[in-house]
Amino acid sequence: GSGAAWVHVAGELDPASSPQLEEALAEAQLAARMVVLDLRELTSIDISGVHVILDAAGRARRRWGRLMLVRGPAEVDRELTLSGASEEMLIFELDSTEPARTLLDVD
């Protein structure tokens, strides 16, 4: 009912797991205009994962929604920066103990 959803990702995001994230993001975007993708527990990401995130960001823009990322570990952040994905969406830093839902108060 809040118009927002939180998708939490953990472990590796690679060709084997990217379809699961794609499905989760698509479902979240159908249910909410704003989706927070929490990458804090992601240990690695490859280009397939980057493409899933970029596709979700594009979907959000087309639907007048928003995809926001919670910054992940340095390795994940580096991949998003090198691919240019970090320039396509809002990325926030949260302490590891702070819940991502605190971002939902942002207008």
# chains A, B, ... in the order shown; residues from 1 in each chain; ligands from 1
>>> residues_around(residues="A:Leu42", least_positions_apart="4", cutoff="6 Å", atoms="only C-alpha atoms", output="MDAnalysis selection string")
chainID A and resid 9:11
>>> write_last_selection(atoms="N, CA and C atoms", output="PDB file, in the first residue's frame")
ATOM      1  N   VAL A   9      19.208  -8.483  -2.306  1.00  0.00           N
ATOM      2  CA  VAL A   9      20.005  -9.441  -3.070  1.00  0.00           C
ATOM      3  C   VAL A   9      21.202  -9.855  -2.226  1.00  0.00           C
ATOM      4  N   ALA A  10      21.517 -11.146  -2.239  1.00  0.00           N
ATOM      5  CA  ALA A  10      22.671 -11.649  -1.490  1.00  0.00           C
ATOM      6  C   ALA A  10      23.411 -12.676  -2.335  1.00  0.00           C
ATOM      7  N   GLY A  11      24.701 -12.796  -2.095  1.00  0.00           N
ATOM      8  CA  GLY A  11      25.497 -13.794  -2.807  1.00  0.00           C
ATOM      9  C   GLY A  11      26.012 -13.270  -4.135  1.00  0.00           C
TER      10      GLY A  11
END
>>> residues_around(residues="stretch 91-95 of chain A", least_positions_apart="6", cutoff="9 Å", atoms="only C-alpha atoms", output="list in words")
Arg40, Met68, Leu69, Val70, Arg71, Gly72 and Leu103 of chain A
>>> write_last_selection(atoms="N, CA and C atoms", output="compact mmCIF listing (two decimals), in the first residue's frame")
# COMPACT_ATOMS: atom_id res chain seq x y z
N ARG A 40 23.73 -4.57 -0.47
CA ARG A 40 24.73 -4.64 0.60
C ARG A 40 25.28 -6.04 0.83
N MET A 68 15.95 2.70 -6.98
CA MET A 68 17.04 3.22 -6.17
C MET A 68 17.87 2.04 -5.67
N LEU A 69 19.18 2.21 -5.67
CA LEU A 69 20.07 1.16 -5.20
C LEU A 69 20.69 1.54 -3.87
N VAL A 70 20.81 0.56 -3.01
CA VAL A 70 21.61 0.71 -1.80
C VAL A 70 22.99 0.16 -2.16
N ARG A 71 24.00 1.00 -2.04
CA ARG A 71 25.36 0.65 -2.47
C ARG A 71 25.82 -0.66 -1.84
N GLY A 72 26.42 -1.49 -2.68
CA GLY A 72 26.97 -2.76 -2.23
C GLY A 72 28.45 -2.66 -1.91
N LEU A 103 14.91 4.57 3.27
CA LEU A 103 14.95 5.32 2.01
C LEU A 103 13.57 5.66 1.50
>>> select_by_dssp(residues="stretch 6-61 of chain A", states="alpha helix (DSSP H)", output="list in words")
Ser18, Pro19, Gln20, Leu21, Glu22, Glu23, Ala24, Leu25, Ala26, Glu27, Ala28, Gln29, Leu30, Ala31, Ile47, Ser48, Gly49, Val50, His51, Val52, Ile53, Leu54, Asp55, Ala56, Ala57, Gly58, Arg59, Ala60 and Arg61 of chain A
>>> select_by_dssp(residues="stretch 16-83 of chain A", states="strand (DSSP E or B)", output="list of chain:residue names")
A:Met34, A:Val35, A:Val36, A:Leu37, A:Asp38, A:Leu39, A:Arg40, A:Glu41, A:Leu42, A:Thr43, A:Ser44, A:Ile45, A:Arg66, A:Leu67, A:Met68, A:Leu69, A:Val70
>>> residues_around(residues="A:Gln20", least_positions_apart="5", cutoff="12 Å", atoms="only C-alpha atoms", output="PyMOL selection string")
chain A and resi 7-10+12-15+25-27+48-49+52-53
>>> write_last_selection(atoms="N, CA, C and O atoms", output="mmCIF file, in the first residue's frame")
data_model
loop_
_atom_site.group_PDB
_atom_site.id
_atom_site.type_symbol
_atom_site.label_atom_id
_atom_site.label_comp_id
_atom_site.auth_asym_id
_atom_site.auth_seq_id
_atom_site.Cartn_x
_atom_site.Cartn_y
_atom_site.Cartn_z
ATOM 1 N N VAL A 7 13.756 -4.903 -2.605
ATOM 2 C CA VAL A 7 14.285 -6.169 -3.114
ATOM 3 C C VAL A 7 15.702 -6.306 -2.563
ATOM 4 O O VAL A 7 16.553 -5.457 -2.790
ATOM 5 N N HIS A 8 15.921 -7.380 -1.834
ATOM 6 C CA HIS A 8 17.209 -7.640 -1.194
ATOM 7 C C HIS A 8 17.931 -8.720 -1.988
ATOM 8 O O HIS A 8 17.346 -9.756 -2.304
ATOM 9 N N VAL A 9 19.208 -8.483 -2.306
ATOM 10 C CA VAL A 9 20.005 -9.441 -3.070
ATOM 11 C C VAL A 9 21.202 -9.855 -2.226
ATOM 12 O O VAL A 9 21.837 -9.015 -1.591
ATOM 13 N N ALA A 10 21.517 -11.146 -2.239
ATOM 14 C CA ALA A 10 22.671 -11.649 -1.490
ATOM 15 C C ALA A 10 23.411 -12.676 -2.335
ATOM 16 O O ALA A 10 22.823 -13.319 -3.203
ATOM 17 N N GLU A 12 26.066 -14.154 -5.125
ATOM 18 C CA GLU A 12 26.594 -13.807 -6.440
ATOM 19 C C GLU A 12 25.462 -13.509 -7.408
ATOM 20 O O GLU A 12 24.445 -14.210 -7.416
ATOM 21 N N LEU A 13 25.656 -12.490 -8.238
ATOM 22 C CA LEU A 13 24.694 -12.182 -9.291
ATOM 23 C C LEU A 13 25.393 -12.460 -10.610
ATOM 24 O O LEU A 13 26.265 -11.722 -11.053
ATOM 25 N N ASP A 14 25.021 -13.590 -11.219
ATOM 26 C CA ASP A 14 25.678 -14.085 -12.419
ATOM 27 C C ASP A 14 24.619 -14.659 -13.354
ATOM 28 O O ASP A 14 23.422 -14.532 -13.074
ATOM 29 N N PRO A 15 25.004 -15.277 -14.472
ATOM 30 C CA PRO A 15 23.997 -15.795 -15.397
ATOM 31 C C PRO A 15 23.022 -16.802 -14.771
ATOM 32 O O PRO A 15 21.877 -16.901 -15.198
ATOM 33 N N LEU A 25 12.447 -8.148 -9.629
ATOM 34 C CA LEU A 25 12.328 -6.718 -9.908
ATOM 35 C C LEU A 25 11.086 -6.410 -10.730
ATOM 36 O O LEU A 25 10.381 -5.428 -10.469
ATOM 37 N N ALA A 26 10.791 -7.244 -11.721
ATOM 38 C CA ALA A 26 9.602 -7.019 -12.547
ATOM 39 C C ALA A 26 8.334 -7.086 -11.699
ATOM 40 O O ALA A 26 7.438 -6.241 -11.839
ATOM 41 N N GLU A 27 8.257 -8.063 -10.809
ATOM 42 C CA GLU A 27 7.093 -8.188 -9.927
ATOM 43 C C GLU A 27 6.992 -6.989 -8.990
ATOM 44 O O GLU A 27 5.911 -6.443 -8.773
ATOM 45 N N SER A 48 25.774 -9.808 -16.701
ATOM 46 C CA SER A 48 24.360 -10.211 -16.777
ATOM 47 C C SER A 48 23.553 -9.552 -15.662
ATOM 48 O O SER A 48 22.429 -9.103 -15.874
ATOM 49 N N GLY A 49 24.140 -9.450 -14.476
ATOM 50 C CA GLY A 49 23.474 -8.774 -13.371
ATOM 51 C C GLY A 49 23.349 -7.284 -13.601
ATOM 52 O O GLY A 49 22.325 -6.672 -13.291
ATOM 53 N N VAL A 52 20.466 -6.677 -15.930
ATOM 54 C CA VAL A 52 19.168 -6.800 -15.256
ATOM 55 C C VAL A 52 18.832 -5.504 -14.523
ATOM 56 O O VAL A 52 17.705 -5.008 -14.593
ATOM 57 N N ILE A 53 19.816 -4.938 -13.844
ATOM 58 C CA ILE A 53 19.590 -3.697 -13.104
ATOM 59 C C ILE A 53 19.314 -2.542 -14.062
ATOM 60 O O ILE A 53 18.395 -1.744 -13.848
#
>>> closest_residue(among="A:Pro19, A:Glu79, A:Gln29, A:Asp38", to="A:Trp64", atoms="only C-alpha atoms")
A:Gln29
>>> residues_around(residues="A:Ala57", least_positions_apart="3", cutoff="7 Å", atoms="only C-alpha atoms", output="list of chain:residue names")
A:Ile53, A:Leu54, A:Ala60, A:Arg61, A:Leu67, A:Met89
>>> write_last_selection(atoms="N, CA, C and O atoms", output="PDB file, in the first residue's frame")
ATOM      1  N   ILE A  53      19.816  -4.938 -13.844  1.00  0.00           N
ATOM      2  CA  ILE A  53      19.590  -3.697 -13.104  1.00  0.00           C
ATOM      3  C   ILE A  53      19.314  -2.542 -14.062  1.00  0.00           C
ATOM      4  O   ILE A  53      18.395  -1.744 -13.848  1.00  0.00           O
ATOM      5  N   LEU A  54      20.080  -2.454 -15.142  1.00  0.00           N
ATOM      6  CA  LEU A  54      19.841  -1.399 -16.130  1.00  0.00           C
ATOM      7  C   LEU A  54      18.471  -1.527 -16.776  1.00  0.00           C
ATOM      8  O   LEU A  54      17.778  -0.523 -17.007  1.00  0.00           O
ATOM      9  N   ALA A  60      11.541   1.424 -15.003  1.00  0.00           N
ATOM     10  CA  ALA A  60      11.055   2.392 -14.013  1.00  0.00           C
ATOM     11  C   ALA A  60      10.839   3.754 -14.667  1.00  0.00           C
ATOM     12  O   ALA A  60       9.805   4.398 -14.456  1.00  0.00           O
ATOM     13  N   ARG A  61      11.795   4.194 -15.473  1.00  0.00           N
ATOM     14  CA  ARG A  61      11.659   5.502 -16.136  1.00  0.00           C
ATOM     15  C   ARG A  61      10.467   5.516 -17.077  1.00  0.00           C
ATOM     16  O   ARG A  61       9.714   6.494 -17.116  1.00  0.00           O
ATOM     17  N   LEU A  67      13.863   3.470  -9.534  1.00  0.00           N
ATOM     18  CA  LEU A  67      14.667   2.377  -8.989  1.00  0.00           C
ATOM     19  C   LEU A  67      15.827   3.019  -8.248  1.00  0.00           C
ATOM     20  O   LEU A  67      16.575   3.819  -8.824  1.00  0.00           O
ATOM     21  N   MET A  89      21.162   5.645 -12.317  1.00  0.00           N
ATOM     22  CA  MET A  89      20.190   5.531 -11.231  1.00  0.00           C
ATOM     23  C   MET A  89      20.719   6.147  -9.948  1.00  0.00           C
ATOM     24  O   MET A  89      21.901   6.448  -9.844  1.00  0.00           O
TER      25      MET A  89
END
